[in-house]
Each structure stands twice: as structure tokens, then as C-alpha cells.
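Engineer: Supplied in C-alpha cells, the structure appears directly below.
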Amino acid sequence: MNASARSSVEGVPAATGANAASGVLGVAGGAACAAAGGTGAAAGSVGATGGAAGATGEAAARAESLLRYLLRLGDTSLVLGQRLGEWVGHAPALEEDLGLANLALDLVGQARLLLTYAGEVEGKGRDEDALAFFRDAPQFLNLTLAEHPNGDFAHTIVRQVLLDAWQLELYEALSKSADTRLAAIAAKAVKESRYHFRFSSGWLVRLGDGTEESHGRAQGAVNNLWRFTDELFAPDEVDEQMAAVGVAPRLAELQPLWSARIDEVFREATLQRPASVRYPWHGKRGVHTEYLGHMLTEMQHLQRTYPGAQW
Amino acid sequence: MTNDWPLFEVFIRSRSGLEHKHVGSVHAADARMAIEHARDVYTRRQEGVSIWVVPSSDITASDPAEADSLFEPARDKVYRHPTFYAIPDEVKNL
């Protein structure tokens, strides 16, 4: 897939030098992304002086950022949905089985809309399926937390609470995005996120404020997963560029809202919030833990073996 | 684990203006979870706009052994059906 990812980058219309180097889905996403950000800023100043070429470069850089931004959102939903789907047949009760599958289907539905849009922005004829099943782990831009294995039920629930609260605040803000298509997707998704958060936070309170055993497991999961939350609100060039043009909210504005939600649930669940941990997780730049590759192997197996198979 | 959770009876209102109807039951640790389970199990295909859950243990049922004394007496009182009245042609929608 590296080859096709590179070829897709070369085709970015009117790309400036640095822009062409920014692997849309390339392995070197982190460094390339920084380069693209620099280009965007440079193009902006050229545009201000009225340079037509600068304006074109700026538009291309913005399309590139939008593509990456959409892939981050779509991939996070897709990967988290796939993880939840792994519970089917294994959840502690039939009702939970259905409940988790419902969350999973909502998330996959969001991923379909976001990846379809991403494919159109990219303009290389890739649809949702091509993006979901024919990219490798380094080309996925999901948050690292989403790919973390299910672990025990407490781990699944804590991961869900942290990401549900994040999606809830993010979609709420994105429903007012200057990008009307993204705003429409977010307006639909935020209703789902509200239910997801209700479901997962209810469970966290039940576990945290439950027995000694369930409390211990819930606190253990919080302690284990907290280090991945740093990535949720650490803005990079893509986030900043999207915020500058009104497509996305500033992450710094979302964080206190998310934090307040989490604090409230933790208080009710009698759980301790760990101290902030700075750790350079780069899922949204394509640098993943080893878990994602294993997950994708299973998720993509059928389409890789029988490309285009339908049933 | 399911066996440790109490049973709740689920009632769904399919549309505004209609009554809630019994659709089945779910196991849940508490009423809030019962609502969520009922939503996930019984409204996946847009079956409802409102859900009631009631702990099954709070329902008092009639005793089947008493069916004769409870229901038998009504059997010979067919005049309680409103079928003995001639309905004027002018009355529609009855």
C-alpha cells in the first residue's frame, strides 16, 4: 500500500514542493505534516500579497489538511467500532452484547460518512471501502487510544468513556463547522455520541462505585489508559490549520469541556483522576502501537483475499 | 452474570398517541440500565418513541387457578358487548 499511497500524494493538484512531500497517508506522516504546515503558512503570506500561485498552493494545502483531518475522525470511529465489534458473542450478557454492537454500528456508520467524504476530498477515486480495507496501519490516522485492545470489560468501558466524551464535545463543535458537509455529519453523529456517553458513563459509575473487585479493575483501567489522553487535545499543524479556517474547533477550547465531563463521572464513580502524563503518542500522524496492525489484519482479511467481494 | 440481574418488563410506545405495549423483558442491574437494554434490544428497528420499564417483581399477576372464578362469570353476559344497538347510518367512524 505504500506505493499507492505515494502515488496518490504525487497527484495532489497544484501542490507545492513541501506539499507534495507530505505523504497523505505516508509512513513519514509526522515530519511531512510539519512540512505541510510550514508551506501553508508561507503560502498564506504570499496570498496576502496577491500572488495567484500562492493562493492555489494555499488551497491545495488546505485540501490536504482537510483530508488528514477527515481521516483522523473517520479512522478513530472505524477502529473503535471494530474494537467494540470484537465483543459480539463475548459480552457479559446478551443485552450488553447488543448494546456494544449498537455502539459499534453507530461508529462504523460515522466512519462511512467521514471516509466517503475523505475519498472525495482526496479525488483519487477511493471510496469508503478502499480507504477502510486497503490501507495499512501507518496510513491510518486514528487516535492511539481507539486501537488499544479491549482488555477486560473495565478497560473497554474506560476507553469508551474517554473517547465518547471527546467525540461528544468535538461533534458538538463540528456541527457548527464552516464546512457544511462536515457539519451535517457531526450533527447526526453528536446524537449518537450523547447516547454512547450515557451508556459508557453509566457503566463506569456502576463499576467504579460497585464492588471492591470492579472498583479496582476500573481504577486500574483508568491508570493504564490515561497516558493516551494527551493525544486527544495536543494540536498539530492540521488541527491548527483547520481551526484557523473555521472547519474545526480549537482543541484547547474543547479540553476543559471534556475535562469537566470526565471529572463529574469519575467523582460519581469514586475514581481517582491520574496526573497528566506527557507522552508522544502519534496515532493521528500514522505512528501506531503494534495492536493496530493485528486488528487490521483481521478486519481487512476478507477484502484483501477477495478484493471487491460483496455479500 | 445475567442470572444475578433482576428482570424488568419492557413496554414500548410505537407512536405518539398510542399506548405503551408490553414487548418483552430484559435483565438489568438497575432501572437506568434496563432502559438502555430495552432501547438496544427492542428499538433497533425504529419500533418506538418511548420506553417504560417495570421491575418484574413489582407486577402482581392473577392466579391461573382462579381463572374460573375470575373470567367464567363474564362468559354468559354477551349483552355487555355493544352489538345489540342499531347504529344509525349517519354515524361514521364507530
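FYI, nothing fancy with the C-alpha cells labels: chains A, B, ... in order, residues from 1 per chain, ligands from 1 as they appear.
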Set the distance at 10 Å and use only C-alpha atoms: which residues neighbour region 10-24 of chain B once local chain neighbours fewer than 2 positions away are removed? I'd like the list as a list of chain:residue names.

Structural biologist: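 So, after excluding close chain neighbours, the residues are B:Leu7, B:Phe8, B:Val26, B:Ala34, B:Ile35, B:His37, B:Ala38, B:Arg39, B:Val41, B:Tyr42, B:Thr43, B:Gln46, B:Glu47, B:Gly48, B:Val49, B:Ser50, B:Ile51, B:Trp52, B:Val53, B:Val54, B:Pro55, B:Ser56.
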
Engineer: Could you take the residues named above and write them with C-alpha atoms, as a short mmCIF file (atom, residue, chain, number, x, y, z; two decimals), in the first residue's frame?

Structural biologist:
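Output file again-v4.cif follows:
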```cif
data_model
loop_
_atom_site.label_atom_id
_atom_site.label_comp_id
_atom_site.auth_asym_id
_atom_site.auth_seq_id
_atom_site.Cartn_x
_atom_site.Cartn_y
_atom_site.Cartn_z
CA LEU B 7 -35.75 -8.91 35.38
CA PHE B 8 -37.59 -5.86 34.01
CA VAL B 26 -34.61 -7.61 29.87
CA ALA B 34 -32.91 -1.56 31.92
CA ILE B 35 -33.90 1.43 29.78
CA HIS B 37 -31.01 -2.56 27.39
CA ALA B 38 -34.60 -2.15 26.28
CA ARG B 39 -33.51 0.51 23.82
CA VAL B 41 -32.84 -4.90 22.31
CA TYR B 42 -36.31 -3.68 21.35
CA THR B 43 -35.96 -0.40 19.43
CA GLN B 46 -37.38 2.22 15.00
CA GLU B 47 -40.07 0.39 16.94
CA GLY B 48 -40.65 3.09 19.48
CA VAL B 49 -40.69 6.66 20.71
CA SER B 50 -40.98 5.94 24.42
CA ILE B 51 -39.96 3.15 26.79
CA TRP B 52 -41.27 2.09 30.19
CA VAL B 53 -39.50 -0.50 32.28
CA VAL B 54 -41.03 -2.06 35.39
CA PRO B 55 -39.32 -4.49 37.75
CA SER B 56 -40.99 -7.81 37.04
#
```

Engineer: Using the chain letters and numbers from this document, which residues of region 160-270 of chain A does DSSP assign to helix (DSSP H, G or I), as an NGL selection string?

Structural biologist: :A and (160-174 or 180-208 or 212-233 or 237-244 or 251-268)

Engineer: Would you list which chain A residues are within 10 Å of chain B using only C-alpha atoms, as a PyMOL selection string?

Structural biologist: chain A and resi 92-103+195+198-199+202-203+206

Engineer: If you keep N, CA and C atoms, can you produce a file of those selected residues as a JSON list (two decimals), in the first residue's frame?

Structural biologist:
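So the final result, stored in part-v6.json, reads:
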```json
[["chain", "number", "residue", "atom", "x", "y", "z"],
["A", 92, "PRO", "N", -20.64, -9.76, 28.68],
["A", 92, "PRO", "CA", -21.09, -10.44, 29.91],
["A", 92, "PRO", "C", -22.56, -10.83, 29.90],
["A", 93, "ALA", "N", -23.36, -10.24, 29.06],
["A", 93, "ALA", "CA", -24.78, -10.60, 29.00],
["A", 93, "ALA", "C", -25.28, -10.33, 27.59],
["A", 94, "LEU", "N", -26.34, -11.03, 27.21],
["A", 94, "LEU", "CA", -26.89, -10.86, 25.87],
["A", 94, "LEU", "C", -27.24, -9.40, 25.61],
["A", 95, "GLU", "N", -27.80, -8.74, 26.63],
["A", 95, "GLU", "CA", -28.21, -7.34, 26.44],
["A", 95, "GLU", "C", -26.99, -6.45, 26.20],
["A", 96, "GLU", "N", -25.88, -6.75, 26.87],
["A", 96, "GLU", "CA", -24.65, -5.96, 26.66],
["A", 96, "GLU", "C", -24.07, -6.25, 25.29],
["A", 97, "ASP", "N", -24.20, -7.47, 24.86],
["A", 97, "ASP", "CA", -23.74, -7.86, 23.53],
["A", 97, "ASP", "C", -24.38, -6.95, 22.48],
["A", 98, "LEU", "N", -25.70, -6.83, 22.59],
["A", 98, "LEU", "CA", -26.43, -5.98, 21.65],
["A", 98, "LEU", "C", -26.08, -4.52, 21.83],
["A", 99, "GLY", "N", -25.92, -4.11, 23.10],
["A", 99, "GLY", "CA", -25.61, -2.72, 23.38],
["A", 99, "GLY", "C", -24.28, -2.31, 22.76],
["A", 100, "LEU", "N", -23.25, -3.13, 22.96],
["A", 100, "LEU", "CA", -21.93, -2.81, 22.41],
["A", 100, "LEU", "C", -21.95, -2.86, 20.88],
["A", 101, "ALA", "N", -22.71, -3.81, 20.34],
["A", 101, "ALA", "CA", -22.81, -3.90, 18.87],
["A", 101, "ALA", "C", -23.50, -2.66, 18.32],
["A", 102, "ASN", "N", -24.47, -2.15, 19.04],
["A", 102, "ASN", "CA", -25.14, -0.93, 18.60],
["A", 102, "ASN", "C", -24.18, 0.24, 18.55],
["A", 103, "LEU", "N", -23.35, 0.38, 19.59],
["A", 103, "LEU", "CA", -22.35, 1.45, 19.59],
["A", 103, "LEU", "C", -21.41, 1.25, 18.40],
["A", 195, "TYR", "N", -25.75, 9.33, 23.35],
["A", 195, "TYR", "CA", -26.19, 8.04, 23.90],
["A", 195, "TYR", "C", -24.98, 7.20, 24.31],
["A", 198, "ARG", "N", -23.80, 8.33, 27.60],
["A", 198, "ARG", "CA", -24.75, 7.92, 28.63],
["A", 198, "ARG", "C", -24.52, 6.45, 28.99],
["A", 199, "PHE", "N", -24.38, 5.62, 27.96],
["A", 199, "PHE", "CA", -24.18, 4.19, 28.15],
["A", 199, "PHE", "C", -22.87, 3.91, 28.89],
["A", 202, "GLY", "N", -22.58, 5.46, 32.48],
["A", 202, "GLY", "CA", -23.40, 4.69, 33.41],
["A", 202, "GLY", "C", -22.68, 3.44, 33.88],
["A", 203, "TRP", "N", -22.02, 2.80, 32.94],
["A", 203, "TRP", "CA", -21.28, 1.60, 33.28],
["A", 203, "TRP", "C", -20.06, 1.90, 34.17],
["A", 206, "ARG", "N", -21.20, 2.37, 37.62],
["A", 206, "ARG", "CA", -21.59, 1.06, 38.16],
["A", 206, "ARG", "C", -20.36, 0.25, 38.57]]
```

Engineer: If we count only C-alpha atoms, what is near region 156-161 of chain A at a cut-off of 10 Å, once residues fewer than 6 positions away on the same chain are taken out, given as an MDAnalysis selection string?

Structural biologist: chainID A and resid 80 83:84 87 100 103 145:150 167 196:204 207 218:226 228:229 261:262 265

Engineer: Show me, as a list in words, the residues that have an atom within 12 Å of Thr180 (chain A) when counting only C-alpha atoms, minus same-chain residues fewer than 4 positions from it.

Structural biologist: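 Here the qualifying residues turn out to be Tyr117, Leu174, Ser175, Lys176, Ala184, Ile185, Ala186, Ala187, Gly246, Val247 and Ala248 of chain A.
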
Engineer: Selection from above, C-alpha atoms, as an mmCIF file, in the first residue's frame, can you write it?

Structural biologist:
```cif
data_model
loop_
_atom_site.group_PDB
_atom_site.id
_atom_site.type_symbol
_atom_site.label_atom_id
_atom_site.label_comp_id
_atom_site.auth_asym_id
_atom_site.auth_seq_id
_atom_site.Cartn_x
_atom_site.Cartn_y
_atom_site.Cartn_z
ATOM 1 C CA TYR A 117 -16.050 12.469 2.208
ATOM 2 C CA LEU A 174 -18.138 20.456 14.481
ATOM 3 C CA SER A 175 -21.887 20.706 13.954
ATOM 4 C CA LYS A 176 -21.192 24.444 13.615
ATOM 5 C CA ALA A 184 -24.091 17.759 8.741
ATOM 6 C CA ILE A 185 -22.159 14.585 9.538
ATOM 7 C CA ALA A 186 -21.336 15.923 13.020
ATOM 8 C CA ALA A 187 -24.944 16.954 13.676
ATOM 9 C CA GLY A 246 -13.269 27.623 10.914
ATOM 10 C CA VAL A 247 -13.601 23.990 9.890
ATOM 11 C CA ALA A 248 -12.656 22.609 13.298
#
```

Engineer: I need the residues of chain B that end up classed as strand (DSSP E or B) by DSSP on the backbone, written out as a list of chain:residue names.

Structural biologist: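 Restricting chain B to strand (DSSP E or B) produces B:Leu7, B:Phe8, B:Glu9, B:Val10, B:Phe11, B:Ile12, B:Arg13, B:His20, B:Lys21, B:His22, B:Val23, B:Gly24, B:Ser25, B:Val26, B:His27, B:Ser50, B:Ile51, B:Trp52, B:Val53, B:Val54, B:Pro55.
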
Engineer: By how many Å are CA of Ala154 (chain A) and CA of Ala137 (chain A) apart?

Structural biologist: 26.0 Å
